[in-house]
file model.cif (mmCIF, C-alpha atoms)
data_upload
#
loop_
_atom_site.label_atom_id
_atom_site.label_comp_id
_atom_site.auth_asym_id
_atom_site.auth_seq_id
_atom_site.Cartn_x
_atom_site.Cartn_y
_atom_site.Cartn_z
CA MET W 166 45.47 -28.51 -39.55
CA THR W 167 42.78 -26.64 -41.42
CA THR W 168 41.92 -23.00 -40.77
CA GLN W 169 38.35 -23.51 -41.91
CA THR W 170 35.60 -23.33 -39.34
CA GLY W 171 32.36 -25.24 -39.20
CA THR W 172 31.26 -28.82 -38.80
CA VAL W 173 30.86 -31.52 -41.41
CA PHE W 174 27.44 -33.06 -40.81
CA VAL W 175 27.17 -36.58 -42.21
CA VAL W 176 23.66 -37.93 -42.79
CA ASP W 177 23.61 -41.54 -44.01
CA ASP W 178 21.60 -44.58 -42.92
CA ASP W 179 24.62 -46.88 -43.43
CA GLU W 180 26.61 -47.10 -40.19
CA ALA W 181 29.74 -48.29 -41.99
CA VAL W 182 29.63 -45.23 -44.26
CA ARG W 183 29.13 -42.91 -41.29
CA ASP W 184 32.08 -44.45 -39.43
CA SER W 185 34.31 -44.28 -42.51
CA LEU W 186 33.45 -40.64 -43.26
CA SER W 187 33.85 -39.69 -39.62
CA LEU W 188 37.37 -41.13 -39.50
CA LEU W 189 38.26 -39.42 -42.78
CA MET W 190 37.09 -36.00 -41.56
CA GLU W 191 38.85 -36.38 -38.21
CA ALA W 192 42.08 -37.33 -40.00
CA GLU W 193 41.74 -34.03 -41.88
CA SER W 194 41.31 -32.20 -38.52
CA LEU W 195 37.71 -31.36 -39.38
CA SER W 196 34.91 -31.32 -36.84
CA VAL W 197 32.34 -33.96 -37.75
CA GLU W 198 28.94 -35.10 -36.48
CA CYS W 199 27.04 -38.11 -37.83
CA PHE W 200 23.32 -38.83 -38.09
CA SER W 201 21.54 -42.01 -39.13
CA SER W 202 18.61 -40.21 -40.76
CA PRO W 203 17.42 -36.79 -41.92
CA ILE W 204 14.81 -36.83 -39.15
CA GLU W 205 17.52 -37.31 -36.51
CA PHE W 206 19.51 -34.46 -38.05
CA LEU W 207 16.52 -32.09 -37.94
CA GLU W 208 15.76 -33.04 -34.32
CA ARG W 209 19.33 -32.64 -33.07
CA CYS W 210 20.44 -29.68 -35.23
CA PRO W 211 17.54 -27.22 -35.31
CA ASP W 212 19.81 -24.21 -35.71
CA ASP W 213 21.61 -23.25 -38.90
CA ARG W 214 25.08 -23.99 -37.56
CA PRO W 215 28.25 -23.21 -39.53
CA GLY W 216 29.40 -26.09 -41.69
CA CYS W 217 28.34 -28.28 -44.58
CA LEU W 218 26.22 -31.35 -45.10
CA LEU W 219 27.35 -34.68 -46.57
CA LEU W 220 24.03 -36.19 -47.49
CA ASP W 221 23.05 -39.56 -48.92
CA VAL W 222 20.35 -39.31 -51.57
CA ARG W 223 18.42 -42.50 -50.84
CA MET W 224 17.29 -43.14 -47.27
CA PRO W 225 14.13 -44.61 -45.74
CA GLN W 226 11.43 -42.40 -44.19
CA MET W 227 12.93 -39.19 -45.54
CA SER W 228 15.25 -38.87 -48.54
CA GLY W 229 18.20 -36.56 -48.85
CA LEU W 230 16.27 -34.50 -51.38
CA GLU W 231 13.38 -34.09 -48.93
CA LEU W 232 15.82 -32.95 -46.25
CA ARG W 233 17.24 -30.40 -48.68
CA ASP W 234 13.72 -29.09 -49.34
CA GLU W 235 13.04 -28.80 -45.60
CA LEU W 236 16.30 -26.95 -44.96
CA GLN W 237 15.52 -24.51 -47.76
CA LYS W 238 12.13 -23.81 -46.17
CA ARG W 239 13.95 -23.01 -42.93
CA GLY W 240 16.29 -20.60 -44.70
CA SER W 241 19.40 -22.68 -44.11
CA MET W 242 22.63 -21.47 -45.70
CA MET W 243 24.39 -24.80 -45.21
CA PRO W 244 25.97 -26.10 -48.45
CA ILE W 245 25.07 -29.68 -49.35
CA VAL W 246 27.29 -32.28 -51.01
CA PHE W 247 25.18 -35.26 -52.06
CA ILE W 248 26.61 -38.77 -51.92
CA THR W 249 25.03 -40.80 -54.70
CA GLY W 250 24.92 -44.27 -56.15
CA HIS W 251 25.17 -44.67 -59.93
CA GLY W 252 21.40 -44.62 -60.45
CA ASP W 253 21.03 -41.47 -58.38
CA VAL W 254 23.13 -39.21 -60.61
CA PRO W 255 20.13 -37.65 -62.43
CA MET W 256 18.58 -36.84 -59.05
CA ALA W 257 21.84 -35.34 -57.84
CA VAL W 258 22.10 -33.15 -60.94
CA ASP W 259 18.55 -31.97 -60.31
CA ALA W 260 19.48 -31.30 -56.68
CA MET W 261 22.31 -29.01 -57.80
CA LYS W 262 19.84 -26.97 -59.81
CA HIS W 263 17.94 -26.40 -56.58
CA GLY W 264 20.71 -25.36 -54.23
CA ALA W 265 23.09 -28.28 -53.66
CA ILE W 266 26.74 -27.31 -54.07
CA ASP W 267 27.94 -30.59 -55.54
CA PHE W 268 27.53 -34.34 -55.65
CA ILE W 269 29.99 -37.20 -55.50
CA GLN W 270 29.38 -40.68 -56.81
CA LYS W 271 30.13 -43.92 -54.96
CA PRO W 272 32.72 -45.30 -54.84
CA PHE W 273 34.66 -42.08 -54.43
CA ARG W 274 38.28 -41.24 -53.72
CA ASP W 275 39.00 -39.71 -50.31
CA GLU W 276 40.89 -36.81 -51.91
CA GLU W 277 37.97 -36.01 -54.18
CA LEU W 278 35.50 -35.96 -51.30
CA LEU W 279 37.76 -33.86 -49.10
CA GLU W 280 38.21 -31.32 -51.90
CA ARG W 281 34.43 -30.92 -52.14
CA VAL W 282 34.09 -30.66 -48.37
CA HIS W 283 36.69 -27.90 -48.16
CA GLN W 284 34.96 -26.04 -51.00
CA ALA W 285 31.62 -26.34 -49.19
CA LEU W 286 33.05 -25.10 -45.89
CA GLU W 287 34.69 -22.15 -47.63
CA ARG W 288 31.42 -21.27 -49.36
CA ASN W 289 29.58 -21.41 -46.05
CA GLN W 290 32.09 -19.03 -44.48
CA VAL W 291 31.73 -16.58 -47.38
CA ASP W 292 27.92 -16.80 -47.34
CA ARG W 293 27.77 -16.26 -43.58
CA CYS W 294 30.13 -13.29 -43.75
CA SER W 295 28.03 -11.76 -46.53
CA ALA W 296 24.80 -12.34 -44.60
CA ALA W 297 26.30 -10.76 -41.48
CA LYS W 298 27.36 -7.67 -43.44
CA ILE W 299 23.89 -7.32 -44.96
CA GLN W 300 22.30 -7.66 -41.53
CA ASP W 301 24.66 -5.07 -40.05
CA VAL W 302 24.05 -2.51 -42.82
CA SER W 303 20.28 -3.11 -42.69
CA GLU W 304 20.26 -2.41 -38.96
CA ARG W 305 22.20 0.83 -39.48
CA ILE W 306 19.80 1.98 -42.21
CA ALA W 307 16.84 1.16 -39.96
CA ARG W 308 18.13 3.81 -37.53
CA LEU W 309 17.79 6.53 -40.18
CA THR W 310 14.72 8.77 -40.36
CA PRO W 311 12.78 8.80 -43.66
CA ARG W 312 14.38 12.15 -44.56
CA GLU W 313 17.88 10.88 -43.71
CA THR W 314 17.22 7.84 -45.90
CA GLU W 315 16.32 10.17 -48.78
CA VAL W 316 19.44 12.25 -48.25
CA MET W 317 21.63 9.14 -48.06
CA ALA W 318 20.25 7.83 -51.37
CA MET W 319 20.97 11.14 -53.07
CA VAL W 320 24.46 11.43 -51.57
CA VAL W 321 25.28 7.88 -52.67
CA ALA W 322 24.02 8.78 -56.17
CA GLY W 323 26.66 11.53 -56.27
CA ASN W 324 24.46 14.61 -55.78
CA ALA W 325 25.98 17.73 -54.23
CA ASN W 326 24.38 19.37 -51.17
CA LYS W 327 23.04 22.23 -53.32
CA VAL W 328 21.29 19.81 -55.68
CA ILE W 329 19.85 17.79 -52.80
CA ALA W 330 18.57 20.98 -51.15
CA GLN W 331 16.82 22.07 -54.34
CA GLU W 332 15.35 18.61 -54.89
CA LEU W 333 13.99 18.34 -51.34
CA GLY W 334 12.99 22.00 -51.00
CA VAL W 335 15.17 22.62 -47.94
CA SER W 336 18.22 24.73 -47.16
CA GLN W 337 21.76 23.53 -47.77
CA ARG W 338 22.38 23.82 -44.03
CA THR W 339 19.53 21.39 -43.38
CA VAL W 340 21.02 18.99 -45.91
CA GLU W 341 24.41 19.29 -44.22
CA ILE W 342 22.84 18.40 -40.85
CA HIS W 343 21.01 15.38 -42.33
CA ARG W 344 24.15 14.32 -44.12
CA ALA W 345 26.22 14.50 -40.94
CA ARG W 346 23.64 12.40 -39.09
CA VAL W 347 23.62 9.83 -41.89
CA MET W 348 27.41 9.53 -41.74
CA GLU W 349 27.29 9.12 -37.96
CA LYS W 350 24.46 6.57 -37.86
CA MET W 351 25.92 4.55 -40.72
CA GLY W 352 29.39 4.62 -39.17
CA ALA W 353 30.77 5.86 -42.50
CA ARG W 354 34.28 7.29 -42.49
CA SER W 355 33.87 8.97 -45.88
CA ILE W 356 31.45 9.28 -48.79
CA ALA W 357 33.32 6.46 -50.50
CA HIS W 358 32.76 4.30 -47.42
CA LEU W 359 29.06 5.24 -47.37
CA VAL W 360 28.75 4.20 -51.03
CA GLN W 361 30.48 0.93 -50.16
CA LEU W 362 28.05 0.27 -47.29
CA ALA W 363 25.03 1.00 -49.47
CA GLY W 364 26.41 -1.33 -52.11
CA VAL W 365 26.33 -4.26 -49.69
CA LEU W 366 22.54 -4.44 -50.07
CA ASP W 367 22.75 -4.46 -53.87
CA LYS W 368 24.85 -7.65 -54.06
#

call {"tool": "encode", "arguments": {"input": "model.cif", "output": "structure tokens"}}
result
Amino acid sequence: MTTQTGTVFVVDDDEAVRDSLSLLMEAESLSVECFSSPIEFLERCPDDRPGCLLLDVRMPQMSGLELRDELQKRGSMMPIVFITGHGDVPMAVDAMKHGAIDFIQKPFRDEELLERVHQALERNQVDRCSAAKIQDVSERIARLTPRETEVMAMVVAGNANKVIAQELGVSQRTVEIHRARVMEKMGARSIAHLVQLAGVLDK
């Protein structure tokens, strides 16, 4: 059993390929959903759900590359592993330069594909965790007043209360009050923790 979360979304116009990949993922205890076209995928999976995408490059109506472009427009964080034929390798390499995590060439070994899938699922978990942290810190900072934001920046930069007071033209007591409010609103346990929280937005 895998501890990874998320669904493997298979998009391929070949039913035999979809069935084969579905059985392979299920044998690995991975959640899997299959789609016969990129259009079907977009219609049935409008939300950016946790998981990764196994995507054929060449398909009628809408190619795998066009689906990638559409997902990028929508701000999707879902990693893509392209499944390619021999002649599609240059396109797959180009796709990796524009956000795809990897590509695998037909015919492929099951172990090789599963390794890429696990890597993609792990990356999606890391990306989602990072995005959630950024969102959380951004919401905390949004609760600060403009003055508290100034004080926080100076505290994080290592300035003492006396220096901050001189810089802002206020009393040290006023700085202490602002500083206490910053710590409370940010949920910071210490100055080191506050620096760590501020650093989340710089990554």

call {"tool": "resolve_selection", "arguments": {"input": "model.cif", "expression": "the PyMOL selection byres ((chain W and resi 217) around 8)", "output": "PyMOL selection string"}}
result
chain W and resi 171-174+215-216+218-219+243-246+282+285-286+289

call {"tool": "resolve_selection", "arguments": {"input": "model.cif", "expression": "the PyMOL selection byres ((chain W and resi 198) around 10)", "output": "PyMOL selection string"}}
result
chain W and resi 172-176+183+186-187+190+195-197+199-200+206+218

call {"tool": "closest_residue", "arguments": {"input": "model.cif", "among": "W:Met351, W:Ile306, W:Val222, W:Met242", "to": "Ile269 in chain W", "atoms": "all atoms listed in the file"}}
result
W:Val222

call {"tool": "atom_distance", "arguments": {"input": "model.cif", "atom1": "CA of Gly352 in chain W", "atom2": "CA of Leu366 in chain W"}}
result
15.7 Å

call {"tool": "closest_residue", "arguments": {"input": "model.cif", "among": "W:Arg233, W:Thr170, W:Asp213, W:Val365", "to": "Ser295 in chain W", "atoms": "only C-alpha atoms"}}
result
W:Val365
